[in-house]
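*Asks:* Before I ask anything, let me first share the structure, which is written out below as structure tokens.
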Amino acid sequence: MTEFYKLVEIMKKLRGPDGCPWDKEQDLESLKPYLLEEAYEVLEVMDVGGDLLKGELGDLLLQIVFQSNICEEKGEFNVDDVIKSLCEKLIRRHPHIFEDDLICPTSTSEEVKINWEKIKKTEAEHKNRTSILDGIPKHMPALLKAEKIQKKAAKVGFEWENVEGVLDKVEEEIKEFRQALKDKQKSQMMDEMGDILFSLVNLSRYLGINSQESLNSTIRKFDKRFRYVEENCDLETATLDEMENFWQAAKKNVK
């Protein structure tokens with residue numbers, strides 16, 4: 001832990017009287033976008049691994065140490081308290097590992113997940129929750145948030161009996177959007193568009209497809225194909241038909 005506490009001391013120095021002006025100006029509110037940015041950068045290099053992942057994990061760890069230091073200055077808690085709380089939680093939620101397995105026997109990952117949720121409900125921060133939908137982060141990206149809500153509802157039986165029902169719902173929402181479009185009702189169009197997106201996420205979830213990863217894959221594909229179009233024609237003078245021809249070529253030539 002020598003290097004970890006070296007990082008803690010560096011952070012204290014940066015926030016100290018003779019520290020960095022920028023670091024001293026930050027508070028929990030100002031650090032929110034940086035935390036999200038670092039988390040997304042970690043996601044971007046997780047498939048690459050190696051030094052890139054090592055560097056981005058370090059940047060993410062800095063955000064934890066940074067926020068802990070701010071809270072310590074306010075007299076709330078320090079980074080040791082954060083680690084202690086985490087250790088206690090991990091031990092408490094894994095009784096099949098740290099306690100007698102006869103008390104809480106588990107043999108599959110699904111049983112572990114069920115016990116994890118049961119134990120969570122007994123913890124102080126979860127006791128005041130009145131809905132199974134409580135606890136979903138409000139700043140979670142919309143696609144992930146929709147999937148999380150749907151998974152929670154499905155756990156208590158609020159689920160489609162088959163995929164045909166989900167597909168019918170998607171088609172129903174598209175039909176309602178077409179009507180709103182025909183009526184030129186902007187607010188209704190926005191509502192119906194949200195319903196379409198929500199139902200598509202539900203379809204992905206039902207089929208075991210990660211909607212976030214699926215959309216990101218399509219974005220990457222579009223990016224590559226559009227760059228091919230850019231490289232092969234002048235976008236300012238090309239007609240739509242010309243661009244479409246290169247787009248079709250890109251579908252064959254760009255992987």
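Labels used: A, B, ... for chains in the order of the structure tokens, numbers from 1 for residues in each chain, and numbers from 1 for ligands as shown.
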What's the 7 Å shell around Val201 (chain A), counting only C-alpha atoms, without same-chain residues fewer than 3 positions away, as a list in words?
*Replies:* Leu143, Ala146, Glu147, Leu197, Phe198, Ser204, Arg205 and Ser211 of chain A
*Asks:* Could you take the residues named above and write them with N, CA and C atoms, as a CSV table (one decimal), in the first residue's frame?
*Replies:*
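out-v1.csv written:
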```
chain,number,residue,atom,x,y,z
A,143,LEU,N,-29.9,4.9,-21.7
A,143,LEU,CA,-30.0,3.5,-22.2
A,143,LEU,C,-29.8,2.5,-21.0
A,146,ALA,N,-32.7,2.8,-18.5
A,146,ALA,CA,-33.9,2.1,-18.9
A,146,ALA,C,-33.8,0.6,-18.7
A,147,GLU,N,-32.6,0.1,-19.1
A,147,GLU,CA,-32.4,-1.4,-18.9
A,147,GLU,C,-32.4,-1.8,-17.4
A,197,LEU,N,-37.8,4.2,-28.0
A,197,LEU,CA,-36.5,3.9,-27.4
A,197,LEU,C,-36.6,3.0,-26.3
A,198,PHE,N,-37.5,3.3,-25.4
A,198,PHE,CA,-37.7,2.4,-24.2
A,198,PHE,C,-38.0,1.0,-24.6
A,204,SER,N,-34.0,-5.5,-26.5
A,204,SER,CA,-32.6,-5.9,-26.3
A,204,SER,C,-32.4,-6.7,-25.0
A,205,ARG,N,-32.9,-6.1,-24.0
A,205,ARG,CA,-32.8,-6.8,-22.7
A,205,ARG,C,-33.4,-8.2,-22.7
A,211,SER,N,-27.9,-3.1,-24.9
A,211,SER,CA,-28.3,-2.1,-25.9
A,211,SER,C,-27.3,-1.0,-26.0
```
*Asks:* At a cut-off of 12 Å, can you tabulate as a tab-separated table every residue of region 171-201 of chain A near region 161-164 of chain A together with its closest atom pair and the distance in Å to one decimal, using only C-alpha atoms and ordering rows by chain then number?
*Replies:*
```
residue	atom	partner	partner_atom	distance
A:Glu171	CA	A:Glu164	CA	10.5
A:Ser199	CA	A:Val163	CA	11.7
A:Leu200	CA	A:Val163	CA	11.7
```
*Asks:* Figure out the distance between CA of Leu90 (chain A) and CA of Leu7 (chain A), please, to one decimal in Å.
*Replies:*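 Those two atoms sit 23.9 Å apart.
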*Asks:* One decimal, in Å: what's the spacing between CA of Glu56 (chain A) and CA of Val42 (chain A)?
*Replies:* 5.3 Å
*Asks:* Please provide as a list in words all residues within 10 Å of Leu43 (chain A), with the sequence filter that same-chain residues fewer than 6 positions apart are discarded (counting only C-alpha atoms).
*Replies:*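 Residues near the query, excluding close chain neighbours: Glu37, Leu53, Glu56 and Leu57 of chain A.
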*Asks:* Selected residues, N, CA and C atoms, written as an mmCIF file, in the first residue's frame, please.
*Replies:*
```cif
data_model
loop_
_atom_site.group_PDB
_atom_site.id
_atom_site.type_symbol
_atom_site.label_atom_id
_atom_site.label_comp_id
_atom_site.auth_asym_id
_atom_site.auth_seq_id
_atom_site.Cartn_x
_atom_site.Cartn_y
_atom_site.Cartn_z
ATOM 1 N N GLU A 37 -15.972 11.450 -17.013
ATOM 2 C CA GLU A 37 -15.031 11.398 -18.128
ATOM 3 C C GLU A 37 -13.996 10.298 -17.924
ATOM 4 N N LEU A 53 -4.760 0.819 -20.158
ATOM 5 C CA LEU A 53 -5.724 0.568 -19.092
ATOM 6 C C LEU A 53 -5.133 0.933 -17.740
ATOM 7 N N GLU A 56 -5.381 4.723 -17.327
ATOM 8 C CA GLU A 56 -6.743 5.227 -17.127
ATOM 9 C C GLU A 56 -7.308 4.799 -15.772
ATOM 10 N N LEU A 57 -6.964 3.600 -15.310
ATOM 11 C CA LEU A 57 -7.391 3.183 -13.965
ATOM 12 C C LEU A 57 -6.774 4.090 -12.904
#
```
*Asks:* Please, what distance in Å, to one decimal, runs between CA of Asp51 (chain A) and CA of Glu3 (chain A)?
*Replies:*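 Taking CA of Asp51 (chain A) as the start and CA of Glu3 (chain A) as the end point, the length is 17.3 Å.
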*Asks:* Pick from A:Pro21, A:Gly16, A:Asn202, A:Glu73: nearest to Asp168 (chain A), with only C-alpha atoms counted?
*Replies:* A:Asn202
*Asks:* Rank nothing, just name the residue among A:Leu207, A:Gly19, A:Phe222, A:His139 nearest to Leu35 (chain A), using only C-alpha atoms.
*Replies:*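 Residue with the minimum atom-to-atom distance to Leu35 (chain A): A:His139.
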